[in-house]
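Coordinates as given in work-v3.cif (mmCIF, C-alpha atoms):
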data_start
#
loop_
_atom_site.label_atom_id
_atom_site.label_comp_id
_atom_site.auth_asym_id
_atom_site.auth_seq_id
_atom_site.Cartn_x
_atom_site.Cartn_y
_atom_site.Cartn_z
CA MET A 160 -87.62 11.72 48.60
CA SER A 161 -90.25 13.62 46.60
CA ALA A 162 -93.57 14.55 48.17
CA ARG A 163 -96.59 12.39 47.34
CA ARG A 164 -98.74 13.72 44.55
CA ARG A 165 -102.23 14.67 45.63
CA ARG A 166 -105.10 12.84 43.98
CA LEU A 167 -108.44 14.18 42.76
CA VAL A 168 -111.26 11.95 41.56
CA VAL A 169 -113.87 13.68 39.39
CA VAL A 170 -117.30 12.08 39.64
CA ALA A 171 -119.56 13.21 36.78
CA ASP A 172 -122.87 12.29 35.20
CA SER A 173 -124.25 14.31 32.26
CA ASP A 174 -122.51 15.76 29.21
CA SER A 175 -122.25 19.34 30.49
CA TYR A 176 -120.94 18.25 33.89
CA VAL A 177 -118.39 15.95 32.23
CA LYS A 178 -117.18 18.86 30.14
CA TRP A 179 -116.86 21.11 33.18
CA GLY A 180 -115.34 18.52 35.51
CA ALA A 181 -112.79 17.33 32.95
CA ALA A 182 -111.76 20.88 32.06
CA PHE A 183 -111.50 21.87 35.72
CA ALA A 184 -109.31 18.87 36.58
CA SER A 185 -107.12 19.62 33.56
CA ARG A 186 -106.09 22.90 35.19
CA LEU A 187 -105.09 21.57 38.59
CA PRO A 188 -101.93 23.05 40.15
CA VAL A 189 -98.61 21.22 39.89
CA GLY A 190 -98.44 18.26 42.26
CA TRP A 191 -101.91 16.89 41.51
CA GLU A 192 -103.12 13.93 39.47
CA ALA A 193 -106.72 13.26 38.50
CA GLU A 194 -109.04 10.57 37.19
CA LEU A 195 -112.60 10.78 35.90
CA VAL A 196 -115.46 8.47 36.80
CA LEU A 197 -118.95 8.47 35.29
CA VAL A 198 -121.90 7.51 37.48
CA THR A 199 -124.34 5.40 35.48
CA THR A 200 -127.63 7.31 35.30
CA PRO A 201 -130.26 7.87 32.58
CA VAL A 202 -128.36 10.99 31.40
CA LEU A 203 -125.13 9.11 30.74
CA PRO A 204 -123.48 10.71 27.68
CA SER A 205 -123.03 8.73 24.48
CA GLU A 206 -119.56 7.91 23.19
CA ARG A 207 -119.81 10.83 20.77
CA GLN A 208 -120.91 13.23 23.50
CA LEU A 209 -118.15 11.99 25.76
CA SER A 210 -115.53 12.63 23.09
CA ALA A 211 -116.84 16.16 22.59
CA ALA A 212 -116.91 16.84 26.34
CA LEU A 213 -113.32 15.63 26.81
CA ASP A 214 -111.96 17.54 23.82
CA GLY A 215 -109.06 19.75 24.88
CA THR A 216 -108.71 18.13 28.33
CA VAL A 217 -106.10 15.76 29.77
CA PHE A 218 -108.58 12.86 29.71
CA SER A 219 -109.04 10.30 26.98
CA ARG A 220 -112.35 8.53 26.42
CA GLY A 221 -110.82 5.13 27.10
CA ALA A 222 -109.53 6.17 30.53
CA VAL A 223 -112.97 7.13 31.83
CA ARG A 224 -114.62 4.56 34.11
CA ARG A 225 -118.37 3.99 34.30
CA LEU A 226 -119.57 2.82 37.69
CA GLY A 227 -122.76 2.38 39.65
CA LEU A 228 -122.98 3.89 43.11
CA ASP A 229 -121.80 0.72 44.83
CA GLY A 230 -118.85 0.46 42.46
CA LEU A 231 -118.11 4.14 42.99
CA ALA A 232 -117.81 3.68 46.76
CA ALA A 233 -115.44 0.73 46.28
CA ARG A 234 -113.35 2.65 43.75
CA LEU A 235 -112.98 5.68 46.01
CA GLU A 236 -112.05 3.55 48.99
CA ALA A 237 -109.37 1.82 46.90
CA ARG A 238 -107.97 5.04 45.42
CA ARG A 239 -108.00 7.04 48.69
CA PRO A 240 -108.21 10.46 46.99
CA ASP A 241 -107.35 13.68 48.77
CA ALA A 242 -110.35 15.40 47.19
CA VAL A 243 -113.42 14.39 45.22
CA LEU A 244 -115.05 16.76 42.75
CA LEU A 245 -118.78 16.05 42.47
CA ALA A 246 -119.45 17.31 38.94
CA LEU A 247 -123.07 16.25 39.22
CA ARG A 248 -126.56 17.69 39.01
CA GLY A 249 -127.63 19.08 42.38
CA PRO A 250 -130.05 16.31 43.45
CA LEU A 251 -127.39 13.70 42.64
CA VAL A 252 -124.79 15.59 44.69
CA ARG A 253 -127.14 15.13 47.64
CA VAL A 254 -127.18 11.38 46.98
CA VAL A 255 -123.43 10.91 46.40
CA ALA A 256 -121.98 13.26 49.07
CA PRO A 257 -122.87 10.93 52.00
CA ILE A 258 -121.13 8.06 50.19
CA VAL A 259 -117.94 10.12 49.97
CA GLY A 260 -118.39 11.39 53.52
CA ALA A 261 -118.52 7.83 54.87
CA LEU A 262 -115.10 6.88 53.46
CA PRO A 263 -112.21 6.22 55.85
CA GLU A 264 -110.11 9.41 56.15
CA ARG A 265 -112.71 10.94 53.95
CA PRO A 266 -111.54 13.32 51.21
CA VAL A 267 -112.39 16.99 50.85
CA ILE A 268 -115.67 17.21 48.92
CA VAL A 269 -115.84 19.83 46.17
CA SER A 270 -118.72 20.69 43.86
CA GLY A 271 -119.71 23.38 41.41
CA PHE A 272 -121.64 24.26 38.28
CA PRO A 273 -120.90 23.94 34.56
CA GLY A 274 -122.43 27.23 33.47
CA LEU A 275 -124.46 30.28 34.34
CA THR A 276 -125.96 30.23 37.85
CA ILE A 277 -127.39 33.74 38.18
CA PRO A 278 -129.80 34.27 39.83
CA ALA A 279 -128.35 32.05 42.55
CA GLU A 280 -131.02 29.61 43.70
CA PRO A 281 -131.14 28.66 47.41
CA LYS A 282 -131.95 25.06 46.49
CA ALA A 283 -128.54 24.79 44.82
CA ILE A 284 -127.02 25.28 48.30
CA VAL A 285 -129.49 22.88 49.90
CA TYR A 286 -128.47 20.15 47.45
CA ARG A 287 -124.80 20.79 48.30
CA GLU A 288 -125.07 21.42 52.05
CA GLN A 289 -122.72 18.51 52.86
CA VAL A 290 -120.01 19.71 50.46
CA ASP A 291 -116.88 21.42 51.84
CA LEU A 292 -116.11 23.73 48.91
CA ILE A 293 -118.30 25.05 46.09
CA VAL A 294 -116.42 26.39 43.09
CA LEU A 295 -117.99 29.43 41.41
CA HIS A 296 -116.93 31.40 38.36
CA SER A 297 -117.59 35.07 38.97
CA ARG A 298 -117.39 37.61 41.77
CA ARG A 299 -121.13 38.09 41.43
CA GLU A 300 -121.83 34.38 41.84
CA VAL A 301 -119.71 34.25 44.99
CA ARG A 302 -121.60 37.21 46.50
CA GLU A 303 -125.04 35.79 45.76
CA PHE A 304 -124.32 32.20 46.78
CA ARG A 305 -122.57 33.30 49.97
CA ALA A 306 -125.66 35.32 50.91
CA ASN A 307 -127.88 32.29 50.29
CA ALA A 308 -125.64 30.02 52.38
CA LEU A 309 -125.68 32.51 55.24
CA ALA A 310 -129.47 32.72 55.14
CA LEU A 311 -129.74 28.92 55.14
CA GLY A 312 -127.17 28.44 57.87
CA VAL A 313 -124.92 26.28 55.68
CA PRO A 314 -121.22 26.82 56.54
CA VAL A 315 -119.84 25.85 53.12
CA GLU A 316 -116.79 27.55 51.61
CA PHE A 317 -116.81 29.21 48.21
CA GLY A 318 -113.86 29.42 45.85
CA LEU A 319 -113.50 31.65 42.80
CA ALA A 320 -112.28 29.94 39.63
CA THR A 321 -112.12 30.98 36.02
CA LEU A 322 -114.53 28.89 33.94
CA PRO A 323 -112.08 26.17 32.93
CA PHE A 324 -113.20 25.62 29.35
CA LEU A 325 -112.67 29.26 28.43
CA SER A 326 -109.02 28.20 28.00
CA VAL A 327 -107.58 31.68 28.30
CA GLY A 328 -105.09 33.36 30.61
CA ASP A 329 -104.82 36.88 32.01
CA ARG A 330 -103.48 38.31 28.76
CA ALA A 331 -106.42 36.90 26.83
CA PHE A 332 -108.86 38.34 29.38
CA ALA A 333 -107.20 41.72 28.97
CA ALA A 334 -107.55 41.38 25.21
CA ALA A 335 -111.24 40.52 25.57
CA ARG A 336 -111.77 43.68 27.64
CA ALA A 337 -109.89 45.83 25.13
CA ASP A 338 -111.79 44.20 22.28
CA ALA A 339 -115.04 45.53 23.72
CA THR A 340 -114.20 49.03 22.53
CA GLY A 341 -112.37 48.05 19.34
CA PRO A 342 -113.69 48.20 15.77
CA ASN A 343 -116.30 45.68 14.67
CA PRO A 344 -114.44 43.27 12.40
CA PHE A 345 -117.66 41.87 11.00
CA ALA A 346 -117.76 44.39 8.18
CA ALA A 347 -115.24 42.03 6.59
CA GLU A 348 -115.00 38.28 7.04
CA GLY A 349 -113.85 38.66 10.63
CA PRO A 350 -110.74 37.19 12.26
CA HIS A 351 -112.37 33.84 13.04
CA GLY A 352 -114.01 32.99 9.71
CA GLY A 353 -117.46 33.81 8.48
CA ASP A 354 -119.99 31.59 10.30
CA LEU A 355 -122.93 32.73 12.36
CA VAL A 356 -123.11 30.08 15.09
CA PHE A 357 -126.31 29.58 17.08
CA ALA A 358 -125.70 27.78 20.41
CA ALA A 359 -128.84 25.73 21.04
CA GLN A 360 -130.01 24.84 24.54
CA ALA A 361 -132.31 22.15 25.87
CA LYS A 362 -134.30 24.33 28.28
CA VAL A 363 -134.71 27.71 26.60
CA PRO A 364 -136.76 28.78 24.85
CA ALA A 365 -139.05 26.01 26.01
CA GLU A 366 -142.08 26.42 23.74
CA ARG A 367 -142.20 24.94 20.25
CA GLU A 368 -143.58 28.18 18.81
CA ASP A 369 -140.63 30.16 20.19
CA ARG A 370 -138.15 27.65 18.79
CA VAL A 371 -139.73 27.95 15.35
CA ARG A 372 -139.45 31.75 15.65
CA MET A 373 -135.77 31.35 16.52
CA LEU A 374 -135.23 29.17 13.47
CA GLY A 375 -137.04 31.75 11.35
CA TRP A 376 -134.51 34.43 12.28
CA LEU A 377 -131.63 32.07 11.52
CA VAL A 378 -133.10 31.06 8.15
CA ASP A 379 -133.59 34.74 7.31
CA ALA A 380 -129.95 35.46 8.21
CA ALA A 381 -128.81 32.58 5.99
CA ARG A 382 -130.88 33.82 3.03
CA ARG A 383 -129.53 37.34 3.41
CA ARG A 384 -125.90 36.22 3.19
CA PRO A 385 -125.77 33.06 1.04
CA ALA A 386 -121.95 33.11 1.01
CA ARG A 387 -121.83 32.66 4.80
CA ARG A 388 -122.80 29.61 6.83
CA VAL A 389 -125.40 29.74 9.58
CA VAL A 390 -124.64 26.89 11.99
CA VAL A 391 -127.24 25.49 14.38
CA LYS A 392 -124.89 24.02 17.00
CA VAL A 393 -126.73 21.28 18.93
CA ARG A 394 -125.65 19.44 22.08
CA ALA A 395 -127.16 16.07 21.27
CA ARG A 396 -128.33 13.92 18.40
CA ARG A 397 -131.61 12.04 18.30
CA GLY A 398 -131.74 9.58 21.20
CA GLU A 399 -128.82 11.09 23.15
CA ALA A 400 -129.40 12.31 26.71
CA GLN A 401 -128.57 15.79 28.01
CA THR A 402 -128.32 17.40 31.43
CA HIS A 403 -131.79 18.83 30.82
CA ALA A 404 -134.51 17.18 28.74
CA GLU A 405 -135.22 18.83 25.39
CA ALA A 406 -138.84 18.74 24.27
CA HIS A 407 -138.39 20.22 20.78
CA ASP A 408 -135.14 19.31 19.04
CA TYR A 409 -134.01 21.88 16.47
CA ALA A 410 -132.86 19.28 13.94
CA GLU A 411 -136.23 17.54 14.14
CA LEU A 412 -138.07 20.83 13.77
CA LEU A 413 -136.06 21.62 10.63
CA ALA A 414 -137.14 18.26 9.17
CA ASP A 415 -140.83 18.87 9.91
CA PRO A 416 -142.79 19.79 6.70
CA GLU A 417 -145.13 22.01 8.72
CA VAL A 418 -142.17 23.95 10.11
CA LEU A 419 -140.56 24.21 6.67
CA ASP A 420 -143.75 25.75 5.33
CA ALA A 421 -143.75 28.26 8.19
CA LEU A 422 -140.12 29.11 7.39
CA GLY A 423 -140.92 29.87 3.77
CA GLY A 424 -140.10 26.67 1.93
CA PRO A 425 -136.86 24.70 1.44
CA LEU A 426 -133.99 25.56 3.75
CA PRO A 427 -131.12 27.61 2.35
CA PRO A 428 -128.11 25.34 1.69
CA ASN A 429 -125.87 27.51 3.88
CA LEU A 430 -127.89 26.66 7.01
CA VAL A 431 -126.44 23.54 8.64
CA VAL A 432 -126.89 21.58 11.87
CA LEU A 433 -123.67 20.53 13.60
CA ASP A 434 -122.69 18.84 16.86
CA GLY A 435 -119.31 18.40 18.53
CA PRO A 436 -117.16 20.71 20.68
CA MET A 437 -118.19 24.36 20.79
CA SER A 438 -114.52 25.37 20.59
CA ARG A 439 -114.31 23.90 17.08
CA CYS A 440 -117.33 25.91 15.91
CA LEU A 441 -115.89 29.11 17.35
CA GLU A 442 -112.72 28.63 15.29
CA GLU A 443 -114.81 29.32 12.19
CA ALA A 444 -117.20 31.85 13.74
CA ALA A 445 -117.47 35.55 13.19
CA MET A 446 -120.57 35.78 15.39
CA LEU A 447 -122.29 33.72 18.08
CA VAL A 448 -126.02 33.82 18.82
CA THR A 449 -127.69 32.28 21.87
CA VAL A 450 -130.59 32.73 24.24
CA SER A 451 -128.48 32.26 27.37
CA SER A 452 -125.80 29.64 26.79
CA THR A 453 -122.39 29.67 28.47
CA ALA A 454 -121.16 29.55 24.87
CA ALA A 455 -121.54 33.35 24.91
CA LEU A 456 -118.70 33.45 27.45
CA GLU A 457 -116.61 31.07 25.35
CA ALA A 458 -117.14 33.39 22.39
CA VAL A 459 -116.09 36.49 24.36
CA ALA A 460 -112.96 34.69 25.55
CA ALA A 461 -112.15 33.74 21.95
CA GLY A 462 -112.70 37.30 20.73
CA VAL A 463 -115.85 36.36 18.81
CA PRO A 464 -118.63 38.99 19.07
CA ALA A 465 -122.01 37.71 20.21
CA VAL A 466 -125.73 38.33 20.50
CA VAL A 467 -127.78 37.16 23.48
CA VAL A 468 -131.34 37.16 22.14
CA ASP A 469 -133.81 39.09 24.28
CA GLU A 470 -136.89 38.57 22.08
CA PHE A 471 -138.36 36.06 24.54
CA GLY A 472 -137.81 38.33 27.52
CA VAL A 473 -135.13 38.69 30.18
CA GLU A 474 -136.10 36.72 33.28
CA PRO A 475 -134.81 33.98 35.57
CA LYS A 476 -136.62 31.15 33.79
CA LEU A 477 -134.70 32.04 30.62
CA ILE A 478 -131.38 31.97 32.52
CA ASN A 479 -130.40 35.29 30.94
CA THR A 480 -130.73 37.92 33.69
CA VAL A 481 -126.98 37.70 34.21
CA PHE A 482 -126.54 39.37 30.81
CA GLU A 483 -128.34 42.55 31.86
CA GLY A 484 -125.81 45.36 31.50
CA SER A 485 -123.46 43.17 29.45
CA GLY A 486 -124.01 44.98 26.18
CA LEU A 487 -124.70 41.64 24.49
CA LEU A 488 -128.52 41.62 24.63
CA ALA A 489 -130.18 42.34 21.29
CA GLY A 490 -133.22 41.43 19.23
CA ALA A 491 -133.96 39.65 15.98
CA GLU A 492 -132.74 42.58 13.90
CA ALA A 493 -129.18 41.98 15.10
CA ILE A 494 -129.37 38.44 13.73
CA ALA A 495 -130.92 39.52 10.42
CA GLU A 496 -128.31 42.25 9.95
CA TRP A 497 -125.41 40.07 11.14
CA ALA A 498 -124.68 42.78 13.69
CA PRO A 499 -123.09 41.24 16.80
CA ARG A 500 -122.50 43.08 20.05
CA ARG A 501 -119.37 43.71 22.11
CA PRO A 502 -119.36 43.18 25.91
CA ASP A 503 -119.18 46.01 28.40
CA PRO A 504 -115.79 46.00 30.22
CA ALA A 505 -117.33 46.71 33.64
CA TRP A 506 -119.73 43.79 33.24
CA LEU A 507 -116.86 41.51 32.24
CA ALA A 508 -114.93 42.27 35.43
CA ASP A 509 -117.81 41.21 37.68
CA ASN A 510 -119.09 38.38 35.51
CA TYR A 511 -116.68 35.57 34.63
CA PHE A 512 -113.79 37.69 33.32
CA HIS A 513 -112.16 38.70 36.59
CA GLY A 514 -108.79 37.34 35.47
CA GLU A 515 -107.11 34.14 36.59
CA GLY A 516 -104.87 36.00 39.05
CA ASP A 517 -107.95 36.57 41.23
CA ASP A 518 -108.84 32.88 41.46
CA ASP A 519 -108.68 31.65 45.07
CA TRP A 520 -110.22 28.17 44.87
CA ALA A 521 -106.82 26.41 45.04
CA ASP A 522 -105.84 28.26 48.22
CA ARG A 523 -109.18 27.44 49.81
CA LEU A 524 -108.79 23.78 48.84
CA ASP A 525 -105.29 23.75 50.35
CA GLY A 526 -106.70 25.13 53.59
CA LEU A 527 -109.33 22.39 53.73
CA LEU A 528 -106.69 19.75 53.02
CA LEU A 529 -104.67 20.98 56.00
CA ILE A 530 -107.77 20.69 58.19
CA ARG A 531 -108.34 17.19 56.86
CA GLU A 532 -104.75 16.16 57.57
CA ALA A 533 -105.17 17.42 61.12
CA GLY A 534 -108.17 15.12 61.49
CA VAL A 535 -110.66 17.90 62.20
CA LEU A 536 -112.76 17.99 59.03
CA PRO A 537 -116.09 16.52 60.11
CA PHE A 538 -118.77 15.51 57.63
CA ARG A 539 -121.75 17.76 58.24
CA ARG A 540 -125.13 16.27 59.02
CA ARG A 541 -127.91 16.99 56.57
CA ARG A 542 -130.24 19.69 57.89
CA HIS A 543 -132.70 20.40 55.07
CA ASN A 544 -135.49 18.35 53.45
CA LEU A 545 -135.50 15.69 56.15
CA THR A 546 -139.21 14.76 56.04
CA GLY A 547 -139.62 11.11 55.11
CA GLY A 548 -136.29 9.96 56.51
CA ALA A 549 -134.81 6.85 54.90
CA LEU A 550 -137.74 6.51 52.51
CA ARG A 551 -137.13 10.00 51.18
CA ARG A 552 -133.43 9.28 50.69
CA ALA A 553 -134.29 6.07 48.83
CA PHE A 554 -136.64 8.02 46.56
CA GLU A 555 -134.01 10.70 45.90
CA ARG A 556 -131.60 7.96 44.83
CA LYS A 557 -134.21 6.22 42.66
CA ARG A 558 -135.25 9.47 41.01
CA MET A 559 -131.69 10.26 39.92
CA LEU A 560 -130.53 6.74 39.03
CA GLY A 561 -133.74 5.56 37.36
CA HIS A 562 -133.49 1.95 36.19
CA TYR A 563 -129.87 1.79 37.36
CA ASP A 564 -131.19 1.65 40.93
CA ARG A 565 -132.50 -1.87 41.46
CA SER A 566 -132.87 -1.64 45.23
CA LEU A 567 -136.07 -2.75 46.97
CA ALA A 568 -136.09 0.49 48.97
CA GLY A 569 -136.05 2.48 45.73
CA ALA A 570 -138.99 0.55 44.31
CA VAL A 571 -141.00 0.94 47.53
CA SER A 572 -140.19 4.65 47.74
CA THR A 573 -141.53 5.21 44.23
CA VAL A 574 -144.87 3.58 45.10
CA VAL A 575 -145.21 5.74 48.20
CA ALA A 576 -143.55 9.00 47.20
CA ARG A 577 -145.02 9.75 43.78
CA PRO A 578 -148.64 9.98 44.93
CA ALA A 579 -147.51 12.00 47.96
CA ARG A 580 -145.57 14.40 45.72
CA TRP A 581 -148.67 14.82 43.52
CA VAL A 582 -150.79 15.69 46.56
CA VAL A 583 -148.20 18.22 47.79
CA ARG A 584 -147.91 19.88 44.38
CA ARG A 585 -151.68 19.98 43.99
CA ALA A 586 -152.01 21.61 47.41
CA ARG A 587 -149.40 24.18 46.49
CA ARG A 588 -151.21 25.07 43.25
CA VAL A 589 -154.53 25.41 45.08
CA GLY A 590 -152.88 27.59 47.74
CA ALA A 591 -151.28 29.78 45.09
CA SER A 592 -154.64 30.19 43.31
CA ARG A 593 -156.34 31.19 46.55
CA ARG A 594 -153.66 33.75 47.31
CA LEU A 595 -154.03 35.18 43.82
CA LEU A 596 -157.80 35.47 44.21
CA ALA A 597 -157.38 37.06 47.62
#
As C-alpha cells, the full file:
Amino acid sequence: MSARRRRLVVVADSDSYVKWGAAFASRLPVGWEAELVLVTTPVLPSERQLSAALDGTVFSRGAVRRLGLDGLAARLEARRPDAVLLALRGPLVRVVAPIVGALPERPVIVSGFPGLTIPAEPKAIVYREQVDLIVLHSRREVREFRANALALGVPVEFGLATLPFLSVGDRAFAAARADATGPNPFAAEGPHGGDLVFAAQAKVPAEREDRVRMLGWLVDAARRRPARRVVVKVRARRGEAQTHAEAHDYAELLADPEVLDALGGPLPPNLVVLDGPMSRCLEEAAMLVTVSSTAALEAVAAGVPAVVVDEFGVEPKLINTVFEGSGLLAGAEAIAEWAPRRPDPAWLADNYFHGEGDDDWADRLDGLLLIREAGVLPFRRRRHNLTGGALRRAFERKRMLGHYDRSLAGAVSTVVARPARWVVRRARRVGASRRLLA
C-alpha cells in the first residue's frame, strides 16, 4: 500500500503573493499535492492579474478558490492539510494564523515573502510570530531575520529556498555566475532579443516628479535607438489592485499632456506599455532596468544584464540597499547608453543565487511534520502588540479585509481605533520633533 500523499494548502491574497505562493507550491518535493485559495480582500487580483501570476505554475485559474475567512476555516478543516502556506501580507498573516492554529490536528504553518526583504524589518517577524517556519531566499536574509527573531524572543524556524519563480537549477546559477565576467552581448542584438524592459513598481520611486524623471530617461533611450523597443512593464491596469497602492501610474502619466510636454512632445513609437508575466518580457529583453524590483533577480537568472537605478538614492525606503556591492547599480547614463551591468559573483552567492543544492526548507518542514505527528507542536501564544485585546484583533481584521468584513466587532473597532491611532501617531510626531530640537 502506497504512503499517503502530503497536502499543502496555499492561502494567498494579492497578485505578488499569489505569484510567489503558486510558484513555491509548484516546486514541492515528490509526494506532495497542493491547492491554492484566495482570501477575499480589497487587493484581490483581477482575472488578468491572476492569469499572469499563475503563468508557469501547476495551477490553473479555474482551480483557484476564493473564500472569506469563515469559508477558509471550513475549507481547511475539511481538507485536513499537513501544512498551510500563508502567502499573505504580514498584517493578514497575523489575522489568519490563529484560524489555522485552531484547527483540529492543526497543520504546520509556513509563511514567507515574494521578493526583496533586505533590510530585514523586525515587524515582519512580529506579524509572523505564530508561524512555525518562515521561508527566505538568501543566506543574507536568513542571517538578518534570525537575528531579529532572537532579539524579539520569537522561536520561529527559518528555511532557505531558491526564489521559486527564477525557474533555474544549479547549472543555470553557475551559468549566471560565469556570465558576470563574460563579454557584454549588448553590442549586438543580445541573446534574448533587443528590448529594454523597465520593471515598474508601485512603491518606488514614490513621488510624481521622480516618476516623470524615470520616464524621461526611458523616452530618451527610446529616441536614441528607434529600432529597439523600450517596454514599460506594469503590474496592473487602471482599476486593478496591487500588493502596495500606486499613487502615480506610469501609463496614466504617459497619457498626461503636461507630462508629455515635459518629456519633449509626442512619445516615440518604440516606447510601449505592457502588462502580463515578467518571464514573457524577459524572453525578448536584452536589458532590464528597475529601481529595486525582484525582476532584477529574474533577469540575472535568465542571463539578461540589468541596471538598478541609483539616481534616487540607495536607502531602505527605496528597497534597494540589498544591491549595494552587486555591480548592478548605475545612473541615468547607463539607460541612455543602453549599457547594462553584470552582477558580482561574490554578491550572487550571498544574495539569492546560492544554488538550489543549499536549500534546506524542505528538510526543516519535514522536521516540523514529525513533531506534529508526535503531537508536540503547540500553537504559540501571541506576545507582541497585545494592547487593546479583542478590540485590537477585530480592528486588525477589519483593516485587512475592508468591506469583506461585515462583523459588528469590526465596525465598532473602526469607530474606536482610528481616532486612537491618530492620537498615537500625532504624539509620536510631536515627540520626534522635540527630540530633533533637543
Chain and number of each residue from the PyMOL selection byres ((chain A and resi 214-223) around 10), as an NGL selection string: :A and (178-186 or 193-197 or 206-213 or 224-226 or 323-324 or 326 or 435-439)
Spatial neighbours of region 164-172 of chain A, 7 Å, all atoms listed in the file, chain gap at least 5 places, as an NGL selection string: :A and (177 or 180 or 190-198 or 200 or 202-203 or 240-247)
Selection dump of the PyMOL selection byres ((chain A and resi 552) around 12), as a PyMOL selection string: chain A and resi 250-251+253-255+257+541+543-551+553-559+568-569+571-573+576
Around region 457-465 of chain A, fit a box with edges along x, y and z, padding it by 4 Å on each side, then list its centre and edge lengths in Å to one decimal as AutoDock Vina command-line options.
--center_x -117.1 --center_y 35.0 --center_z 22.2 --size_x 17.9 --size_y 15.9 --size_z 14.7
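Separating CA of Val389 (chain A) from CA of Leu430 (chain A) is a distance of 4.7 Å.
Minimum distance to Trp520 (chain A) across A:Tyr286, A:Phe538, A:Phe317, A:Phe357 (counting all atoms listed in the file) occurs at A:Phe317.
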What do you get, as a PDB file with C-alpha atoms, in the frame of the given file, if you spell out every residue that the PyMOL selection byres ((chain A and resi 412-420) around 12) selects here?
ATOM      1  CA  ARG A 367    -142.200  24.940  20.250  1.00  0.00           C
ATOM      2  CA  GLU A 368    -143.580  28.180  18.810  1.00  0.00           C
ATOM      3  CA  ASP A 369    -140.630  30.160  20.190  1.00  0.00           C
ATOM      4  CA  ARG A 370    -138.150  27.650  18.790  1.00  0.00           C
ATOM      5  CA  VAL A 371    -139.730  27.950  15.350  1.00  0.00           C
ATOM      6  CA  ARG A 372    -139.450  31.750  15.650  1.00  0.00           C
ATOM      7  CA  MET A 373    -135.770  31.350  16.520  1.00  0.00           C
ATOM      8  CA  LEU A 374    -135.230  29.170  13.470  1.00  0.00           C
ATOM      9  CA  GLY A 375    -137.040  31.750  11.350  1.00  0.00           C
ATOM     10  CA  LEU A 377    -131.630  32.070  11.520  1.00  0.00           C
ATOM     11  CA  VAL A 378    -133.100  31.060   8.150  1.00  0.00           C
ATOM     12  CA  VAL A 391    -127.240  25.490  14.380  1.00  0.00           C
ATOM     13  CA  ARG A 397    -131.610  12.040  18.300  1.00  0.00           C
ATOM     14  CA  ALA A 406    -138.840  18.740  24.270  1.00  0.00           C
ATOM     15  CA  HIS A 407    -138.390  20.220  20.780  1.00  0.00           C
ATOM     16  CA  ASP A 408    -135.140  19.310  19.040  1.00  0.00           C
ATOM     17  CA  TYR A 409    -134.010  21.880  16.470  1.00  0.00           C
ATOM     18  CA  ALA A 410    -132.860  19.280  13.940  1.00  0.00           C
ATOM     19  CA  GLU A 411    -136.230  17.540  14.140  1.00  0.00           C
ATOM     20  CA  ALA A 421    -143.750  28.260   8.190  1.00  0.00           C
ATOM     21  CA  LEU A 422    -140.120  29.110   7.390  1.00  0.00           C
ATOM     22  CA  GLY A 423    -140.920  29.870   3.770  1.00  0.00           C
ATOM     23  CA  GLY A 424    -140.100  26.670   1.930  1.00  0.00           C
ATOM     24  CA  PRO A 425    -136.860  24.700   1.440  1.00  0.00           C
ATOM     25  CA  LEU A 426    -133.990  25.560   3.750  1.00  0.00           C
ATOM     26  CA  PRO A 427    -131.120  27.610   2.350  1.00  0.00           C
ATOM     27  CA  LEU A 430    -127.890  26.660   7.010  1.00  0.00           C
ATOM     28  CA  VAL A 431    -126.440  23.540   8.640  1.00  0.00           C
ATOM     29  CA  VAL A 432    -126.890  21.580  11.870  1.00  0.00           C
TER      30      VAL A 432
END
Who sits within 8 Å of region 492-502 of chain A, only C-alpha atoms, same chain under 2 positions skipped, as a PyMOL selection string: chain A and resi 336+338-340+345+355+376-377+379-380+383+446-448+459+464-466+485-490+504+506-507
Include C-alpha atoms and write out the residues we just selected as a JSON list (two decimals), in the frame of the given file.
[["chain", "number", "residue", "atom", "x", "y", "z"],
["A", 336, "ARG", "CA", -111.77, 43.68, 27.64],
["A", 338, "ASP", "CA", -111.79, 44.20, 22.28],
["A", 339, "ALA", "CA", -115.04, 45.53, 23.72],
["A", 340, "THR", "CA", -114.20, 49.03, 22.53],
["A", 345, "PHE", "CA", -117.66, 41.87, 11.00],
["A", 355, "LEU", "CA", -122.93, 32.73, 12.36],
["A", 376, "TRP", "CA", -134.51, 34.43, 12.28],
["A", 377, "LEU", "CA", -131.63, 32.07, 11.52],
["A", 379, "ASP", "CA", -133.59, 34.74, 7.31],
["A", 380, "ALA", "CA", -129.95, 35.46, 8.21],
["A", 383, "ARG", "CA", -129.53, 37.34, 3.41],
["A", 446, "MET", "CA", -120.57, 35.78, 15.39],
["A", 447, "LEU", "CA", -122.29, 33.72, 18.08],
["A", 448, "VAL", "CA", -126.02, 33.82, 18.82],
["A", 459, "VAL", "CA", -116.09, 36.49, 24.36],
["A", 464, "PRO", "CA", -118.63, 38.99, 19.07],
["A", 465, "ALA", "CA", -122.01, 37.71, 20.21],
["A", 466, "VAL", "CA", -125.73, 38.33, 20.50],
["A", 485, "SER", "CA", -123.46, 43.17, 29.45],
["A", 486, "GLY", "CA", -124.01, 44.98, 26.18],
["A", 487, "LEU", "CA", -124.70, 41.64, 24.49],
["A", 488, "LEU", "CA", -128.52, 41.62, 24.63],
["A", 489, "ALA", "CA", -130.18, 42.34, 21.29],
["A", 490, "GLY", "CA", -133.22, 41.43, 19.23],
["A", 504, "PRO", "CA", -115.79, 46.00, 30.22],
["A", 506, "TRP", "CA", -119.73, 43.79, 33.24],
["A", 507, "LEU", "CA", -116.86, 41.51, 32.24]]
Nearest-residue call for Leu325 (chain A), choices A:Asn429, A:Gln289, A:Ser566, A:Thr453, using all atoms listed in the file: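 Smallest separation from Leu325 (chain A) among the options: A:Thr453.
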Residue nearest Val356 (chain A) - candidates A:Ala308, A:Ile268, A:Ala454, A:Leu322, atoms counted: all atoms listed in the file: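 Smallest separation from Val356 (chain A) among the options: A:Ala454.
Shortest separation to Thr276 (chain A) among A:Asp564, A:Asp291, A:Glu264, A:Glu300 occurs at residue A:Glu300, atoms counted being all atoms listed in the file.
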Residue neighbourhood region 362-365 of chain A, 12 Å, all atoms listed in the file, exclusion window fewer than 5 positions, as number ranges by chain: A: 370-374, 394, 401-409, 449-452, 468-479
If we count only C-alpha atoms and set the cut-off at 8 Å, which residues sit around Gly227 (chain A), ignoring sequence neighbours fewer than 3 positions away in its own chain? Please answer as a short mmCIF file (atom, residue, chain, number, x, y, z; two decimals) with C-alpha atoms, in the frame of the given file.
data_model
loop_
_atom_site.label_atom_id
_atom_site.label_comp_id
_atom_site.auth_asym_id
_atom_site.auth_seq_id
_atom_site.Cartn_x
_atom_site.Cartn_y
_atom_site.Cartn_z
CA VAL A 198 -121.90 7.51 37.48
CA THR A 199 -124.34 5.40 35.48
CA GLY A 230 -118.85 0.46 42.46
CA LEU A 231 -118.11 4.14 42.99
CA TYR A 563 -129.87 1.79 37.36
#
